[in-house]
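Participant: Before anything else, here's the structure in question.
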Amino acid sequence: MPYSSDKTPQTQRDHGGGLDAAMTLFGGMRSDWLDLSTGINPLPFPLSDFQPEVWSALPDHNAHQKLVESARSFWEIPPDAAVLPAPGASALIATLPALAPAQTVEITPPTYNEHAAGFRAHGWTVADHGPTQARVLVHPNNPDGRLWSEQDVTGPLTVIDESFCDICPERSLISLANRPGVVVLKSFGKFWGLAGLRLGFAIGHPDLISKLETWQGPWAVSGPALQIGAEALQDHDWAATTRARLTQDAARLDALVLARGAHLVGGTPLFRLYEVDDAKAWHDRLARKHILSRIFPYSKTLLRLGLPPEDGWDRIKAEL
């Protein structure tokens with residue numbers, strides 16, 4: 001798959017979202033826009049009621065332990081691996097490079113660009129092939145959905161970013177989390193659709209996780225996040241139903257987009273990656289209709305679309 005139109009490295013820190021910038025260019029109110037630029041589940045896990053003390057009191061130890069125990073059960077974490085809840089996977093990505101002396105890290109492009117930015121900020125050199133002293137595997141990969149295997153866990157420090165892996169738990173590499181040098185990341189912002197909750201997890205060898213915990217400090221995860229996270233991770237029925245719905249909706253989106261001349265390159269049930277003749281032209285045409293898509297600075301032909309909410313399908317069909 002072509003990922004670079006000019007043979008230059010993937011260095012720009014671009015992201016989905018950014019409705020404010022889109023409104024500046026193409027007008028409209030936030031309520032007018034359909035944001036398909038992210039890989040966030042458009043039907044998030046339902047929120048329960050909160051007792052007032054969840055907001056007013058410092059998060060307590062029991063709530064923290066309940067979340068950790070729920071995570072262990074849901075993700076089938078090895079008992080000798082440590083679990084650290086954090087205020088979002090992004091906060092962990094920015095800290096993880098400090099776990100080893102700065103040398104060279106292998107990050108295969110195209111992929112989520114915050115990993116390279118985090119390693120560079122800590123003095124590392126980023127390479128797209130090994131052998132190196134660290135490796136990052138985004139599993140499944142964003143944006144093409146590539147899946148990695150145990151044989152790819154080759155670095156003395158290996159970060160396995162499973163932010164999207166709840167859509168295919170049978171492919172998870174969580175069983176490797178007790179290996180020295182391995183850290184698995186989990187996120188609540190994608191499959192669970194709760195990006196604003198800012199909840200993520202680092203799971204790995206206790207020696208590594210204890211360092212991250214020390215650097216993070218006390219009360220890093222809010223009381224509401226502790227409660228919602230535990231409830232969500234205990235709801236296996238919601239997870240199973242959601243996986244089935246996402247798979248069906250991804251196929252539905254493919255049918256609409258491919259009928260307009262695009263070619264499917266890859267993706268996951270949460271986002272689809274297409275090759276088109278002119279990605280910016282597609283992006284701008286949709287944006288004029290207040291539909292936000294995702295294009296990439298390293299490709300002129302790749303277009304990524306997330307899934308719409310249930311009331312957005314007719315609009316997608318009409319505007320495509």
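Residue names in the structure tokens use chain letters A, B, ... in the order shown, residue numbers from 1 in each chain, and ligand numbers from 1 in the order shown.
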Would you list, as a PyMOL selection string, the residues of stretch 180-282 of chain A that end up in strand (DSSP E) under DSSP run on this structure's backbone?

Facilitator: chain A and resi 182-187+200-204+263-268+271-275

Participant: Save out the residues we just selected, C-alpha atoms, as a short mmCIF file (atom, residue, chain, number, x, y, z; two decimals), in the first residue's frame.

Facilitator:
```
data_model
loop_
_atom_site.label_atom_id
_atom_site.label_comp_id
_atom_site.auth_asym_id
_atom_site.auth_seq_id
_atom_site.Cartn_x
_atom_site.Cartn_y
_atom_site.Cartn_z
CA VAL A 182 6.50 -5.68 26.89
CA VAL A 183 3.78 -3.09 27.52
CA VAL A 184 0.25 -3.48 26.10
CA LEU A 185 -1.93 -0.37 25.82
CA LYS A 186 -5.72 -0.34 25.97
CA SER A 187 -8.07 2.59 25.33
CA GLY A 200 -6.50 4.08 29.16
CA PHE A 201 -4.45 1.20 30.54
CA ALA A 202 -0.83 0.11 30.52
CA ILE A 203 -0.45 -3.63 31.08
CA GLY A 204 2.92 -5.27 31.36
CA HIS A 263 -11.13 0.82 -3.50
CA LEU A 264 -10.94 -0.73 -0.04
CA VAL A 265 -7.38 -0.77 1.29
CA GLY A 266 -7.98 -1.91 4.85
CA GLY A 267 -9.21 -0.78 8.22
CA THR A 268 -11.18 -2.23 11.11
CA PHE A 271 -12.89 2.78 10.49
CA ARG A 272 -12.37 2.01 6.82
CA LEU A 273 -9.42 3.03 4.65
CA TYR A 274 -10.08 3.64 0.96
CA GLU A 275 -7.94 4.54 -2.02
#
```

Participant: At a cut-off of 8 Å, using only C-alpha atoms, what residues contact stretch 102-110 of chain A? Leave out same-chain residues fewer than 5 positions from it and give the result as a ChimeraX atom specification.

Facilitator: /A:3,10,97,115-116,119,122-137,142-144

Participant: Under the rule that only C-alpha atoms are counted, which of A:Asp284, A:Val54, A:Trp75, A:Pro42 is the nearest residue to A:Trp313?

Facilitator: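 Smallest distance to A:Trp313 is found for A:Pro42.
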
Participant: Rank A:Thr95, A:Thr242, A:Ser293, A:Ser222 by their smallest atom-to-atom distance to A:His64, using only C-alpha atoms, and report the top residue only.

Facilitator: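 Using only C-alpha atoms, the shortest distance to A:His64 belongs to A:Ser222.
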
Participant: Measuring between only C-alpha atoms, which one of A:Ala225, A:Leu258, A:Leu307, A:Leu253 shows the shortest distance to A:Pro59?

Facilitator: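 Answer, going by the shortest atom-to-atom distance: A:Ala225.
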
Participant: Can you pull out the residues contacting A:Phe50? Cut-off 10 Å, using only C-alpha atoms, and skip same-chain residues under 4 positions away; I want them as a ChimeraX atom specification.

Facilitator: /A:54-55,223-224,227-228

Participant: Could the residues in this selection be written to a file with C-alpha atoms, as a compact mmCIF listing (two decimals), in the first residue's frame?

Facilitator:
```
# COMPACT_ATOMS: atom_id res chain seq x y z
CA VAL A 54 -18.09 10.43 42.76
CA TRP A 55 -17.59 14.04 41.70
CA GLY A 223 -13.83 8.94 40.07
CA PRO A 224 -16.36 8.95 37.19
CA GLN A 227 -16.90 3.83 37.88
CA ILE A 228 -17.76 3.84 34.17
```

Participant: Please give the complete set of residues from stretch 79-306 of chain A that DSSP, run on the backbone, assigns to helix (DSSP H, G or I), formatted as a PyMOL selection string.

Facilitator: chain A and resi 89-99+114-121+150-152+165-167+169-171+174-176+195-197+206-216+223-233+236-258+279-288

Participant: Pick out the closest residue to A:Phe191 from this set: A:Ala251, A:Ala230, A:Ala22, A:Leu43. Count only C-alpha atoms.

Facilitator: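 Of A:Ala251, A:Ala230, A:Ala22, A:Leu43, the one nearest A:Phe191 is A:Leu43, counting only C-alpha atoms.
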
Participant: Which residue, A:Ile209, A:Ala195, A:Leu99, A:Ala279, has the smallest gap to A:Val83 when you use only C-alpha atoms?

Facilitator: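 The shortest atom-to-atom distance to A:Val83 comes from A:Ile209.
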